[in-house]
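Reproduced below: model_35.txt, with compact mmCIF, C-alpha atoms.
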```txt
# COMPACT_ATOMS: atom_id res chain seq x y z
CA MET A 118 -3.19 9.00 -40.18
CA GLU A 119 -3.34 12.74 -40.69
CA ARG A 120 -0.42 14.69 -39.26
CA ILE A 121 -1.47 17.15 -36.57
CA VAL A 122 1.92 17.78 -34.93
CA GLU A 123 4.99 18.56 -37.02
CA ARG A 124 8.26 17.04 -35.81
CA PRO A 125 6.88 15.23 -32.77
CA GLY A 126 9.13 13.63 -30.17
CA ALA A 127 8.33 10.76 -27.81
CA LEU A 128 10.18 9.40 -24.80
CA ASP A 129 9.94 5.95 -23.25
CA VAL A 130 11.18 6.66 -19.74
CA HIS A 131 12.67 4.11 -17.37
CA LYS A 132 14.61 4.30 -14.13
CA ALA A 133 18.07 4.26 -15.73
CA SER A 134 17.42 5.04 -19.40
CA VAL A 135 15.26 7.03 -21.79
CA THR A 136 14.52 5.88 -25.35
CA ALA A 137 13.71 8.82 -27.63
CA CYS A 138 12.05 8.86 -31.04
CA VAL A 139 11.54 11.81 -33.42
CA ARG A 140 9.55 11.60 -36.67
CA VAL A 141 10.71 13.92 -39.46
CA TRP A 142 8.88 14.20 -42.78
CA GLU A 143 10.66 15.49 -45.90
CA GLY A 144 7.95 15.58 -48.50
CA ARG A 145 6.54 12.07 -48.48
CA LYS A 146 9.66 10.53 -47.02
CA LEU A 147 9.58 9.68 -43.31
CA THR A 148 12.72 9.46 -41.21
CA GLU A 149 12.56 8.19 -37.61
CA HIS A 150 15.48 9.22 -35.41
CA ILE A 151 16.00 6.84 -32.47
CA ALA A 152 18.42 7.44 -29.60
CA GLU A 153 18.90 6.22 -26.05
CA PHE A 154 20.09 8.31 -23.10
CA ARG A 155 20.77 7.62 -19.47
CA THR A 156 18.77 9.45 -16.81
CA THR A 157 21.70 11.31 -15.27
CA VAL A 158 21.53 15.10 -15.44
CA GLN A 159 24.33 15.32 -18.01
CA ASP A 160 22.67 12.80 -20.32
CA LEU A 161 19.28 14.49 -19.94
CA LEU A 162 20.88 17.76 -20.99
CA GLY A 163 22.27 15.87 -23.99
CA LEU A 164 18.72 14.65 -24.71
CA ARG A 165 17.51 18.25 -24.63
CA ASP A 166 20.21 19.35 -27.09
CA TRP A 167 19.43 16.38 -29.36
CA LEU A 168 15.73 17.31 -29.47
CA GLU A 169 16.57 20.97 -30.15
CA ALA A 170 18.88 19.99 -33.00
CA LEU A 171 16.03 18.06 -34.60
CA GLN A 172 13.72 21.09 -34.16
CA VAL A 173 11.16 19.12 -32.18
CA SER A 174 7.98 21.08 -31.48
CA GLN A 175 6.25 18.85 -28.92
CA VAL A 176 7.44 15.99 -26.70
CA VAL A 177 5.29 13.27 -25.13
CA MET A 178 6.12 10.77 -22.37
CA GLU A 179 4.21 8.24 -20.31
CA ALA A 180 3.54 8.70 -16.60
CA THR A 181 5.82 5.93 -15.28
CA GLY A 182 5.93 6.18 -11.50
CA VAL A 183 8.16 9.10 -10.53
CA TYR A 184 10.78 8.48 -13.23
CA TRP A 185 9.27 11.04 -15.61
CA ARG A 186 9.73 13.92 -13.16
CA PRO A 187 13.50 14.60 -13.63
CA VAL A 188 13.05 14.37 -17.40
CA TRP A 189 10.15 16.83 -17.26
CA ALA A 190 12.17 19.23 -15.09
CA VAL A 191 15.01 19.38 -17.64
CA LEU A 192 12.81 19.75 -20.72
CA GLU A 193 9.85 21.86 -19.59
CA ASP A 194 11.49 25.24 -20.24
CA GLN A 195 12.42 24.39 -23.85
CA PHE A 196 9.56 22.29 -25.21
CA GLU A 197 5.83 21.89 -25.10
CA LEU A 198 5.52 18.72 -23.01
CA MET A 199 2.67 16.24 -22.74
CA LEU A 200 2.31 13.59 -20.05
CA VAL A 201 -0.07 10.75 -20.93
CA ASN A 202 -1.63 7.93 -18.95
CA ALA A 203 0.15 4.68 -19.80
CA ARG A 204 -3.12 2.77 -19.37
CA HIS A 205 -4.69 4.69 -22.27
CA VAL A 206 -1.74 4.12 -24.59
CA LYS A 207 -1.56 0.40 -23.81
CA GLN A 208 -5.00 -0.11 -25.33
CA CYS A 209 -3.20 -0.14 -28.69
CA PRO A 210 -1.43 -3.51 -29.30
CA GLY A 211 1.76 -4.42 -31.13
CA ARG A 212 4.54 -2.81 -29.08
CA LYS A 213 7.07 -5.21 -27.60
CA THR A 214 10.27 -3.17 -27.09
CA ASP A 215 11.28 0.21 -25.71
CA VAL A 216 12.06 1.46 -29.23
CA LEU A 217 8.63 0.42 -30.49
CA ASP A 218 7.06 2.07 -27.44
CA ALA A 219 8.72 5.36 -28.32
CA GLN A 220 7.85 5.01 -32.02
CA TRP A 221 4.19 4.29 -31.29
CA LEU A 222 3.95 7.20 -28.85
CA CYS A 223 5.51 9.48 -31.43
CA GLN A 224 3.06 8.32 -34.12
CA LEU A 225 0.07 8.85 -31.82
CA LEU A 226 1.30 12.35 -30.91
CA GLU A 227 1.80 13.21 -34.57
CA ALA A 228 -1.81 12.22 -35.29
CA GLY A 229 -3.15 14.16 -32.30
CA LEU A 230 -4.59 11.05 -30.64
CA LEU A 231 -3.15 11.59 -27.17
CA LYS A 232 -4.80 13.30 -24.23
CA ALA A 233 -2.50 15.11 -21.82
CA SER A 234 -2.58 14.40 -18.10
CA PHE A 235 -2.73 17.28 -15.65
CA VAL A 236 0.70 18.51 -14.60
CA PRO A 237 0.58 21.68 -12.45
CA PRO A 238 3.14 24.49 -12.86
CA LYS A 239 6.37 24.60 -10.86
CA PRO A 240 5.12 26.61 -7.82
CA ILE A 241 2.17 24.24 -7.37
CA ARG A 242 4.39 21.16 -7.79
CA THR A 243 6.73 22.50 -5.11
CA LEU A 244 3.79 23.13 -2.81
CA ARG A 245 2.48 19.64 -3.56
CA ASN A 246 5.79 18.03 -2.56
CA LEU A 247 5.76 19.90 0.73
CA THR A 248 2.14 19.15 1.63
CA ARG A 249 2.51 15.47 0.76
CA TYR A 250 5.66 15.10 2.83
CA ARG A 251 3.99 16.90 5.74
CA LYS A 252 1.12 14.42 5.49
CA THR A 253 3.55 11.51 5.78
CA GLN A 254 5.10 13.08 8.87
CA ILE A 255 1.67 13.55 10.43
CA SER A 256 0.85 9.91 9.68
CA ASP A 257 4.14 8.82 11.27
CA ARG A 258 3.27 10.82 14.38
CA GLN A 259 -0.14 9.17 14.57
CA ARG A 260 1.50 5.74 14.36
CA GLU A 261 3.94 6.65 17.13
CA ALA A 262 1.06 7.82 19.32
CA ALA A 263 -0.70 4.48 18.70
CA ARG A 264 2.49 2.63 19.71
CA LEU A 265 2.61 4.69 22.88
CA HIS A 266 -0.94 3.66 23.77
CA LYS A 267 -0.01 0.02 23.15
CA VAL A 268 3.06 0.18 25.38
CA LEU A 269 1.11 1.85 28.20
CA GLU A 270 -1.50 -0.91 27.97
CA ASP A 271 1.32 -3.44 28.39
CA THR A 272 2.40 -1.70 31.60
CA GLY A 273 -1.12 -1.64 33.02
CA ILE A 274 -1.17 2.18 33.12
CA LYS A 275 -4.64 3.40 32.03
CA LEU A 276 -3.84 7.07 31.52
CA GLY A 277 -5.83 7.10 28.27
CA CYS A 278 -8.99 6.11 30.17
CA VAL A 279 -8.86 9.30 32.25
CA ALA A 280 -7.08 11.91 30.12
CA THR A 281 -8.57 12.78 26.74
CA ASP A 282 -5.12 13.33 25.22
CA ILE A 283 -2.19 11.53 26.81
CA LEU A 284 0.17 13.73 24.78
CA GLY A 285 -1.35 16.95 26.11
CA LYS A 286 0.55 19.07 28.63
CA SER A 287 -0.53 17.09 31.68
CA GLY A 288 -0.12 13.70 30.02
CA ARG A 289 3.28 14.61 28.64
CA ASP A 290 4.50 15.73 32.08
CA MET A 291 3.41 12.40 33.54
CA LEU A 292 5.07 10.41 30.77
CA ASP A 293 8.31 12.37 31.12
CA ALA A 294 8.23 11.72 34.86
CA LEU A 295 7.72 7.99 34.25
CA VAL A 296 10.70 7.92 31.88
CA ALA A 297 12.75 9.83 34.47
CA GLY A 298 12.05 7.07 37.05
CA THR A 299 9.06 8.40 39.00
CA THR A 300 6.52 5.61 39.45
CA ASP A 301 4.60 6.80 42.52
CA PRO A 302 1.00 7.30 41.28
CA ASN A 303 0.33 10.00 43.89
CA VAL A 304 3.27 12.09 42.67
CA LEU A 305 2.34 11.52 39.02
CA ALA A 306 -1.30 12.48 39.58
CA GLU A 307 -0.28 15.81 41.10
CA LEU A 308 1.25 16.78 37.74
CA ALA A 309 -2.26 17.22 36.32
CA ARG A 310 -3.20 20.68 35.10
CA GLY A 311 -6.41 22.59 34.52
CA GLN A 312 -9.63 20.60 34.30
CA LEU A 313 -7.74 17.33 34.69
CA ARG A 314 -7.06 18.12 38.36
CA LYS A 315 -10.70 17.31 39.03
CA LYS A 316 -9.84 13.70 38.14
CA ILE A 317 -6.85 13.28 40.47
CA PRO A 318 -8.45 10.37 42.41
CA ALA A 319 -9.07 8.52 39.13
CA LEU A 320 -5.56 9.38 37.95
CA ARG A 321 -4.00 7.81 41.05
CA GLN A 322 -5.65 4.52 40.20
CA ALA A 323 -4.94 4.77 36.46
CA LEU A 324 -1.22 5.54 36.94
CA GLU A 325 -0.49 2.47 39.02
CA GLY A 326 1.19 -0.14 36.85
CA ARG A 327 4.35 -2.12 36.03
CA PHE A 328 6.64 0.39 34.33
CA LYS A 329 9.87 -1.61 33.87
CA ASP A 330 13.26 -0.79 32.37
CA GLU A 331 12.30 -1.88 28.84
CA HIS A 332 9.22 0.34 29.04
CA VAL A 333 11.41 3.28 30.07
CA LEU A 334 13.57 2.76 26.98
CA ILE A 335 10.69 2.28 24.53
CA VAL A 336 8.54 5.14 25.83
CA GLY A 337 11.56 7.46 25.92
CA GLN A 338 12.37 6.68 22.29
CA ILE A 339 8.74 7.14 21.24
CA LEU A 340 8.51 10.53 22.96
CA ALA A 341 11.80 11.64 21.39
CA HIS A 342 10.56 10.57 17.96
CA ILE A 343 7.28 12.42 18.47
CA ASP A 344 9.20 15.58 19.42
CA PHE A 345 11.31 15.23 16.28
CA LEU A 346 8.19 14.79 14.12
CA ASP A 347 6.51 17.79 15.74
CA GLU A 348 9.51 19.95 14.86
CA ALA A 349 9.55 18.61 11.29
CA ILE A 350 5.82 19.30 10.87
CA ASP A 351 6.25 22.84 12.20
CA ARG A 352 9.15 23.53 9.80
CA LEU A 353 7.19 22.17 6.85
CA SER A 354 4.11 24.19 7.81
CA ALA A 355 6.21 27.36 8.00
CA GLU A 356 7.68 26.70 4.56
CA ILE A 357 4.24 25.93 3.12
CA GLU A 358 2.95 29.20 4.59
CA GLN A 359 5.62 31.09 2.67
CA ARG A 360 5.13 29.16 -0.58
CA ILE A 361 1.36 29.55 -0.54
CA ALA A 362 1.47 33.31 0.11
CA PRO A 363 0.72 34.15 -3.58
CA PHE A 364 -2.38 31.96 -3.32
CA ALA A 365 -3.50 33.13 0.12
CA ALA A 366 -6.72 34.62 -1.27
CA GLN A 367 -7.69 31.29 -2.87
CA ARG A 368 -6.85 29.44 0.34
CA ASP A 369 -8.99 31.77 2.45
CA LEU A 370 -11.81 31.38 -0.06
CA LEU A 371 -11.75 27.58 0.26
CA MET A 372 -11.74 27.83 4.05
CA THR A 373 -15.31 29.17 3.93
CA ILE A 374 -16.50 25.63 3.04
CA PRO A 375 -17.67 23.69 6.14
CA GLY A 376 -15.05 21.12 7.15
CA VAL A 377 -12.23 22.81 5.20
CA LYS A 378 -9.57 24.27 7.46
CA GLN A 379 -6.17 25.72 6.63
CA ARG A 380 -4.27 22.48 6.02
CA THR A 381 -7.13 21.07 3.94
CA ALA A 382 -7.24 24.21 1.80
CA GLU A 383 -3.47 24.04 1.31
CA VAL A 384 -3.73 20.45 0.09
CA LEU A 385 -6.60 21.30 -2.27
CA ILE A 386 -4.53 24.06 -3.86
CA SER A 387 -1.44 21.88 -4.13
CA GLU A 388 -3.34 18.97 -5.71
CA ILE A 389 -5.69 20.71 -8.17
CA GLY A 390 -3.85 24.00 -8.69
CA VAL A 391 -5.38 27.45 -8.95
CA ASP A 392 -6.24 27.54 -12.66
CA MET A 393 -9.64 25.90 -13.03
CA SER A 394 -9.54 26.21 -16.82
CA THR A 395 -7.68 22.89 -16.74
CA PHE A 396 -10.99 21.25 -15.83
CA PRO A 397 -13.82 22.43 -18.14
CA THR A 398 -16.52 21.62 -15.60
CA ALA A 399 -16.85 20.51 -11.99
CA LYS A 400 -17.74 17.05 -13.29
CA HIS A 401 -14.38 16.80 -15.06
CA LEU A 402 -12.61 17.67 -11.80
CA ALA A 403 -14.64 15.12 -9.80
CA SER A 404 -13.90 12.43 -12.39
CA TRP A 405 -10.18 13.23 -12.39
CA ALA A 406 -10.09 13.14 -8.57
CA GLY A 407 -11.96 9.83 -8.46
CA VAL A 408 -14.79 11.02 -6.20
CA CYS A 409 -17.68 10.23 -8.55
CA PRO A 410 -19.29 6.90 -9.53
CA GLY A 411 -17.83 4.92 -12.38
CA ASN A 412 -19.61 4.61 -15.72
CA ASP A 413 -20.57 1.11 -16.85
CA GLN A 414 -23.49 0.84 -19.27
CA SER A 415 -24.22 -1.93 -21.75
CA ALA A 416 -27.33 -2.97 -23.71
CA GLY A 417 -29.24 -0.05 -22.24
CA LYS A 418 -28.56 -1.15 -18.67
CA ARG A 419 -26.46 0.67 -16.12
CA ARG A 420 -24.40 -1.65 -13.99
CA SER A 421 -22.61 -1.03 -10.73
CA ALA A 422 -19.20 0.51 -11.35
CA ARG A 423 -16.32 1.35 -9.09
CA GLN A 424 -14.94 4.80 -8.63
CA ARG A 425 -11.88 5.41 -10.76
CA LYS A 426 -8.49 5.78 -9.13
CA GLY A 427 -7.57 9.37 -8.45
CA SER A 428 -4.98 11.09 -6.30
CA LYS A 429 -4.85 9.24 -2.98
CA TRP A 430 -3.61 12.42 -1.30
CA LEU A 431 -6.58 14.44 -2.53
CA ARG A 432 -9.13 11.74 -1.72
CA ALA A 433 -7.77 11.28 1.81
CA THR A 434 -7.95 15.02 2.43
CA LEU A 435 -11.48 15.25 1.04
CA THR A 436 -12.56 12.35 3.27
CA GLU A 437 -11.17 14.11 6.35
CA ALA A 438 -12.94 17.32 5.37
CA SER A 439 -16.18 15.43 4.74
CA LEU A 440 -16.12 13.79 8.16
CA ALA A 441 -15.59 17.20 9.74
CA ALA A 442 -18.39 18.72 7.64
CA THR A 443 -20.87 16.03 8.74
CA LYS A 444 -20.52 17.32 12.29
CA THR A 445 -21.20 20.93 11.36
CA LYS A 446 -24.59 21.99 12.68
CA SER A 447 -27.22 23.51 10.40
CA SER A 448 -25.23 22.87 7.23
CA TYR A 449 -26.20 21.44 3.86
CA LEU A 450 -23.30 18.98 3.91
CA ALA A 451 -24.36 17.52 7.27
CA ALA A 452 -27.95 17.20 6.00
CA GLN A 453 -26.72 15.50 2.82
CA TYR A 454 -24.75 12.97 4.87
CA GLN A 455 -27.69 12.18 7.15
CA ARG A 456 -30.00 11.85 4.15
CA LEU A 457 -27.78 9.31 2.39
CA ARG A 458 -26.33 7.37 5.31
CA GLY A 459 -29.54 5.46 6.09
CA ARG A 460 -30.05 3.99 2.62
CA ARG A 461 -26.55 4.02 1.10
CA GLY A 462 -24.31 3.52 4.11
CA HIS A 463 -21.59 5.59 5.79
CA ASN A 464 -18.87 5.22 3.15
CA LYS A 465 -21.02 6.23 0.18
CA ALA A 466 -22.52 9.11 2.14
CA VAL A 467 -19.02 10.42 2.94
CA ALA A 468 -18.02 10.00 -0.72
CA ALA A 469 -21.06 12.06 -1.76
CA VAL A 470 -20.10 14.83 0.67
CA SER A 471 -16.53 14.74 -0.73
CA HIS A 472 -17.98 15.19 -4.20
CA SER A 473 -20.03 18.17 -3.01
CA ILE A 474 -16.99 19.81 -1.39
CA LEU A 475 -14.90 19.40 -4.54
CA THR A 476 -17.74 20.68 -6.72
CA ALA A 477 -18.14 23.72 -4.49
CA ALA A 478 -14.37 24.32 -4.63
CA TRP A 479 -14.44 24.29 -8.45
CA HIS A 480 -17.32 26.79 -8.67
CA MET A 481 -15.80 29.07 -6.02
CA ARG A 482 -12.40 29.10 -7.69
CA HIS A 483 -13.89 29.41 -11.18
CA ASN A 484 -16.23 32.28 -10.29
CA GLY A 485 -14.33 33.81 -7.36
CA GLU A 486 -17.39 33.57 -5.10
CA LEU A 487 -17.70 32.77 -1.41
CA TYR A 488 -19.31 29.55 -0.29
CA ARG A 489 -23.09 29.90 -0.12
CA GLU A 490 -24.65 27.83 2.64
CA LEU A 491 -27.89 26.18 1.49
CA GLY A 492 -28.95 25.26 5.02
CA SER A 493 -29.84 21.99 6.71
CA ASP A 494 -33.46 22.28 5.50
CA TYR A 495 -32.48 22.46 1.84
CA PHE A 496 -33.88 19.04 0.93
CA ILE A 497 -37.12 19.76 2.79
CA ARG A 498 -37.57 23.04 0.92
CA GLN A 499 -37.01 21.31 -2.41
CA ASN A 500 -40.13 19.15 -2.01
CA PRO A 501 -42.13 19.99 1.15
CA ASP A 502 -45.15 17.92 0.07
CA ARG A 503 -43.12 14.75 -0.14
CA THR A 504 -41.62 15.41 3.28
CA THR A 505 -45.11 15.96 4.69
CA ARG A 506 -46.38 12.68 3.24
CA ARG A 507 -43.41 10.77 4.60
CA LEU A 508 -43.86 12.13 8.11
CA VAL A 509 -47.61 11.43 8.03
CA ARG A 510 -46.94 7.81 7.01
CA GLN A 511 -44.51 7.41 9.90
CA LEU A 512 -47.04 8.77 12.41
CA GLU A 513 -49.80 6.55 11.04
CA ALA A 514 -47.51 3.54 11.27
CA LEU A 515 -47.15 4.34 14.98
CA GLY A 516 -50.93 4.22 15.42
CA HIS A 517 -51.77 7.91 15.28
CA THR A 518 -54.52 9.58 13.29
CA VAL A 519 -53.17 12.62 11.51
CA ILE A 520 -55.31 15.54 10.44
CA LEU A 521 -53.50 18.31 8.63
CA GLU A 522 -54.73 21.88 8.84
CA PRO A 523 -53.00 24.76 7.05
CA ARG A 524 -51.43 27.30 9.38
CA GLU A 525 -52.39 30.91 8.94
CA ILE A 526 -49.35 33.03 8.22
CA ALA A 527 -49.40 36.35 10.05
CA ALA A 528 -49.25 39.37 7.83
```
Entire entry expressed as structure tokens:
Amino acid sequence: MERIVERPGALDVHKASVTACVRVWEGRKLTEHIAEFRTTVQDLLGLRDWLEALQVSQVVMEATGVYWRPVWAVLEDQFELMLVNARHVKQCPGRKTDVLDAQWLCQLLEAGLLKASFVPPKPIRTLRNLTRYRKTQISDRQREAARLHKVLEDTGIKLGCVATDILGKSGRDMLDALVAGTTDPNVLAELARGQLRKKIPALRQALEGRFKDEHVLIVGQILAHIDFLDEAIDRLSAEIEQRIAPFAAQRDLLMTIPGVKQRTAEVLISEIGVDMSTFPTAKHLASWAGVCPGNDQSAGKRRSARQRKGSKWLRATLTEASLAATKTKSSYLAAQYQRLRGRRGHNKAVAAVSHSILTAAWHMRHNGELYRELGSDYFIRQNPDRTTRRLVRQLEALGHTVILEPREIAA
């Protein structure tokens, strides 16, 4: 194979060890230098010095879980690094040991046959760590709230049937009073605030139950855990606000998309970065994120294909934004969802809206433009004759005779 990269280096990364290979050509003579290092910081620094001594120009490693990250952090300032998808490399047979893995990777890099995976720069990676951890804390809080509902059902207290949010101010006061030992439904109902006071008679009935000692302990622990998670989420949000300050303009730009609020925009920036040159087109970004149909064609026939696996964090955020966008009145995204839901189903319609949001984000970030709303009548305006024929057929199916007359447009 033709040499594209001079003095390439390859790393086979594991949890406790790294096997390194460097190919050095002296005329027509090839020398392969093989070494093994542990993944402690001191040994990784030794790996860096070893690669520098061999005058390595480019280093490649496979994306193996999270084990590649400390290696990348030590080497990224000194070398041109490439992270590759292990699934792509494994298509080539004949490697049975860690040394052969490193040698084969090094040979592929030398021939220029590897495609780099997307690794964002340090500030974006830091932001990504924070937004992902905040998401886990929010999920933990949601699970605790679900446990609280389950415990209250066990006690016979139906607070959730009357109050929209049992963890709102009124609901929290009632729960704290229950934990403190107050079980009189009349006293608990009087803790209602605002609009909930109109439901005091219903609250008196809903708050009558069997709140025993074990319920006091469990509910008290759940409420304490929720308070802890709320504080953690607030601290993380404050840190994210500081970290994202250099990208505040991009965040505000993304927030003009229906369904995209501040947290969603922060996740979009942390997952796909701010430099759209990484993705040549919006289609490349959608394919990388896994929000477009798969491609399976053989013998001239297109077969059903699954979506590829993308970032689960990005896909979950896009799904949340899509569900919010479908409820936005007079918007293109809501019209797109309604148009597809009837014949493709809810899940595929939401996936299509996710694709539209990500496509819009690419164009906005690439061109620096605001979101342009196409309107809920966009599909009607594209082909008004077809819409007219469809509506006429529906009326005729209901037994009506339809006569169409053109309307005079006032000058």
Using all atoms listed in the file, which protein or nucleic acid residues come within 10 Å of range 137-141 of chain A? Drop anything in the same chain fewer than 2 positions from it, and give the result as a compact mmCIF listing (two decimals) with C-alpha atoms, in the frame of the given file.
```
# COMPACT_ATOMS: atom_id res chain seq x y z
CA VAL A 122 1.92 17.78 -34.93
CA GLU A 123 4.99 18.56 -37.02
CA ARG A 124 8.26 17.04 -35.81
CA PRO A 125 6.88 15.23 -32.77
CA GLY A 126 9.13 13.63 -30.17
CA ALA A 127 8.33 10.76 -27.81
CA LEU A 128 10.18 9.40 -24.80
CA ASP A 129 9.94 5.95 -23.25
CA VAL A 130 11.18 6.66 -19.74
CA SER A 134 17.42 5.04 -19.40
CA VAL A 135 15.26 7.03 -21.79
CA GLU A 143 10.66 15.49 -45.90
CA GLY A 144 7.95 15.58 -48.50
CA LYS A 146 9.66 10.53 -47.02
CA LEU A 147 9.58 9.68 -43.31
CA THR A 148 12.72 9.46 -41.21
CA GLU A 149 12.56 8.19 -37.61
CA HIS A 150 15.48 9.22 -35.41
CA ILE A 151 16.00 6.84 -32.47
CA ALA A 152 18.42 7.44 -29.60
CA GLU A 153 18.90 6.22 -26.05
CA PHE A 154 20.09 8.31 -23.10
CA LEU A 164 18.72 14.65 -24.71
CA TRP A 167 19.43 16.38 -29.36
CA LEU A 168 15.73 17.31 -29.47
CA LEU A 171 16.03 18.06 -34.60
CA GLN A 172 13.72 21.09 -34.16
CA VAL A 173 11.16 19.12 -32.18
CA GLN A 175 6.25 18.85 -28.92
CA VAL A 176 7.44 15.99 -26.70
CA VAL A 177 5.29 13.27 -25.13
CA MET A 178 6.12 10.77 -22.37
CA ASP A 215 11.28 0.21 -25.71
CA VAL A 216 12.06 1.46 -29.23
CA LEU A 217 8.63 0.42 -30.49
CA ASP A 218 7.06 2.07 -27.44
CA ALA A 219 8.72 5.36 -28.32
CA GLN A 220 7.85 5.01 -32.02
CA TRP A 221 4.19 4.29 -31.29
CA LEU A 222 3.95 7.20 -28.85
CA CYS A 223 5.51 9.48 -31.43
CA GLN A 224 3.06 8.32 -34.12
CA GLU A 227 1.80 13.21 -34.57
```
CA of Ala438 in chain A to CA of Val377 in chain A, distance in Å rounded to a single decimal = 5.5 Å
query = By how many Å are CA of Ala406 in chain A and CA of Ser428 in chain A apart?
reply =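 Between CA of Ala406 in chain A and CA of Ser428 in chain A the gap is 6.0 Å.
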inquiry  = Excluding Ala366 in chain A and its own-chain neighbours fewer than 4 positions away, which residues fall within 12 Å of it when counting all atoms listed in the file? Please give them as a ChimeraX atom specification.
reply    = /A:361-362,370-373,379,382-383,386,391,481-482,485-487
Can you write out as CSV which residues of range 420-485 of chain A fall within 12 Å of range 252-258 of chain A, alongside each residue's closest atom pair and its distance in Å to one decimal, counting all atoms listed in the file and ordering rows by chain and ascending residue number?
```
residue,atom,partner,partner_atom,distance
A:Lys429,CA,A:Lys252,CA,11.6
A:Trp430,CA,A:Lys252,CA,8.5
A:Leu431,CA,A:Lys252,CA,11.1
A:Ala433,CA,A:Lys252,CA,10.1
A:Thr434,CA,A:Lys252,CA,9.6
```
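Interatomic distance, CA of Arg314 in chain A to CA of Gly277 in chain A: 15.0 Å.
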request  = Give me the residues within 9 Å of Val333 in chain A as an MDAnalysis selection string, counting all atoms listed in the file and dropping any in the same chain fewer than 6 places off.
outcome  = chainID A and resid 295:298
key: Shell around range 306-313 of chain A at 9 Å using all atoms listed in the file, local window under 6 positions removed, as a VMD selection string   = chain A and resid 279 to 280 286 to 288 290 to 291 319 to 321 324
Kindly assemble as a Markdown table a list of the range 377-451 of chain A residues that lie within 12 Å of range 464-469 of chain A, each paired with its nearest atom pair and their distance in Å to one decimal, using all atoms listed in the file, sorted first by chain and then by ascending residue number.
```
| residue | atom | partner | partner_atom | distance |
| --- | --- | --- | --- | --- |
| A:Ala403 | CA | A:Ala469 | CA | 10.7 |
| A:Ala406 | CA | A:Ala468 | CA | 11.6 |
| A:Gly407 | CA | A:Ala468 | CA | 9.8 |
| A:Val408 | CA | A:Ala468 | CA | 6.4 |
| A:Cys409 | CA | A:Ala469 | CA | 7.8 |
| A:Pro410 | CA | A:Ala468 | CA | 9.4 |
| A:Arg423 | CA | A:Lys465 | CA | 11.5 |
| A:Gln424 | CA | A:Ala468 | CA | 10.0 |
| A:Arg432 | CA | A:Ala468 | CA | 9.1 |
| A:Ala433 | CA | A:Ala468 | CA | 10.6 |
| A:Thr434 | CA | A:Ala468 | CA | 11.7 |
| A:Leu435 | CA | A:Ala468 | CA | 8.6 |
| A:Thr436 | CA | A:Val467 | CA | 6.8 |
| A:Glu437 | CA | A:Val467 | CA | 9.3 |
| A:Ala438 | CA | A:Val467 | CA | 9.5 |
| A:Ser439 | CA | A:Val467 | CA | 6.0 |
| A:Leu440 | CA | A:Val467 | CA | 6.9 |
| A:Ala441 | CA | A:Val467 | CA | 10.2 |
| A:Ala442 | CA | A:Val467 | CA | 9.6 |
| A:Thr443 | CA | A:Val467 | CA | 8.3 |
| A:Lys444 | CA | A:Val467 | CA | 11.7 |
| A:Leu450 | CA | A:Ala469 | CA | 9.2 |
| A:Ala451 | CA | A:Val467 | CA | 9.9 |
```
With C-alpha atoms retained, could you export that selection as a PDB file, in the coordinates of the input?
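Below is the file out06.pdb, written as the result:
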```
ATOM      1  CA  ALA A 403     -14.640  15.120  -9.800  1.00  0.00           C
ATOM      2  CA  ALA A 406     -10.090  13.140  -8.570  1.00  0.00           C
ATOM      3  CA  GLY A 407     -11.960   9.830  -8.460  1.00  0.00           C
ATOM      4  CA  VAL A 408     -14.790  11.020  -6.200  1.00  0.00           C
ATOM      5  CA  CYS A 409     -17.680  10.230  -8.550  1.00  0.00           C
ATOM      6  CA  PRO A 410     -19.290   6.900  -9.530  1.00  0.00           C
ATOM      7  CA  ARG A 423     -16.320   1.350  -9.090  1.00  0.00           C
ATOM      8  CA  GLN A 424     -14.940   4.800  -8.630  1.00  0.00           C
ATOM      9  CA  ARG A 432      -9.130  11.740  -1.720  1.00  0.00           C
ATOM     10  CA  ALA A 433      -7.770  11.280   1.810  1.00  0.00           C
ATOM     11  CA  THR A 434      -7.950  15.020   2.430  1.00  0.00           C
ATOM     12  CA  LEU A 435     -11.480  15.250   1.040  1.00  0.00           C
ATOM     13  CA  THR A 436     -12.560  12.350   3.270  1.00  0.00           C
ATOM     14  CA  GLU A 437     -11.170  14.110   6.350  1.00  0.00           C
ATOM     15  CA  ALA A 438     -12.940  17.320   5.370  1.00  0.00           C
ATOM     16  CA  SER A 439     -16.180  15.430   4.740  1.00  0.00           C
ATOM     17  CA  LEU A 440     -16.120  13.790   8.160  1.00  0.00           C
ATOM     18  CA  ALA A 441     -15.590  17.200   9.740  1.00  0.00           C
ATOM     19  CA  ALA A 442     -18.390  18.720   7.640  1.00  0.00           C
ATOM     20  CA  THR A 443     -20.870  16.030   8.740  1.00  0.00           C
ATOM     21  CA  LYS A 444     -20.520  17.320  12.290  1.00  0.00           C
ATOM     22  CA  LEU A 450     -23.300  18.980   3.910  1.00  0.00           C
ATOM     23  CA  ALA A 451     -24.360  17.520   7.270  1.00  0.00           C
TER      24      ALA A 451
END
```
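Nearest to Val268 in chain A of all the residues A:Arg186, A:Arg289, A:Arg327, A:His472 is A:Arg327, based on all atoms listed in the file.
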ask   = Using only C-alpha atoms, which of A:His517, A:Arg489, A:Arg165, A:His332 sits nearest Ile374 in chain A?
value = A:Arg489
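Between Ala341 in chain A and the candidates A:Leu225, A:Leu292, A:Val304, A:Ala233, the tightest atom-to-atom separation, counting all atoms listed in the file, involves A:Leu292.
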task = Mind checking which residues fall within 7 Å of range 243-249 of chain A, counting all atoms listed in the file, ignoring those fewer than 3 positions away in the same chain, and posting them as a VMD selection string?
result = chain A and resid 239 to 240 252 to 253 353 357 360 384 387 to 388
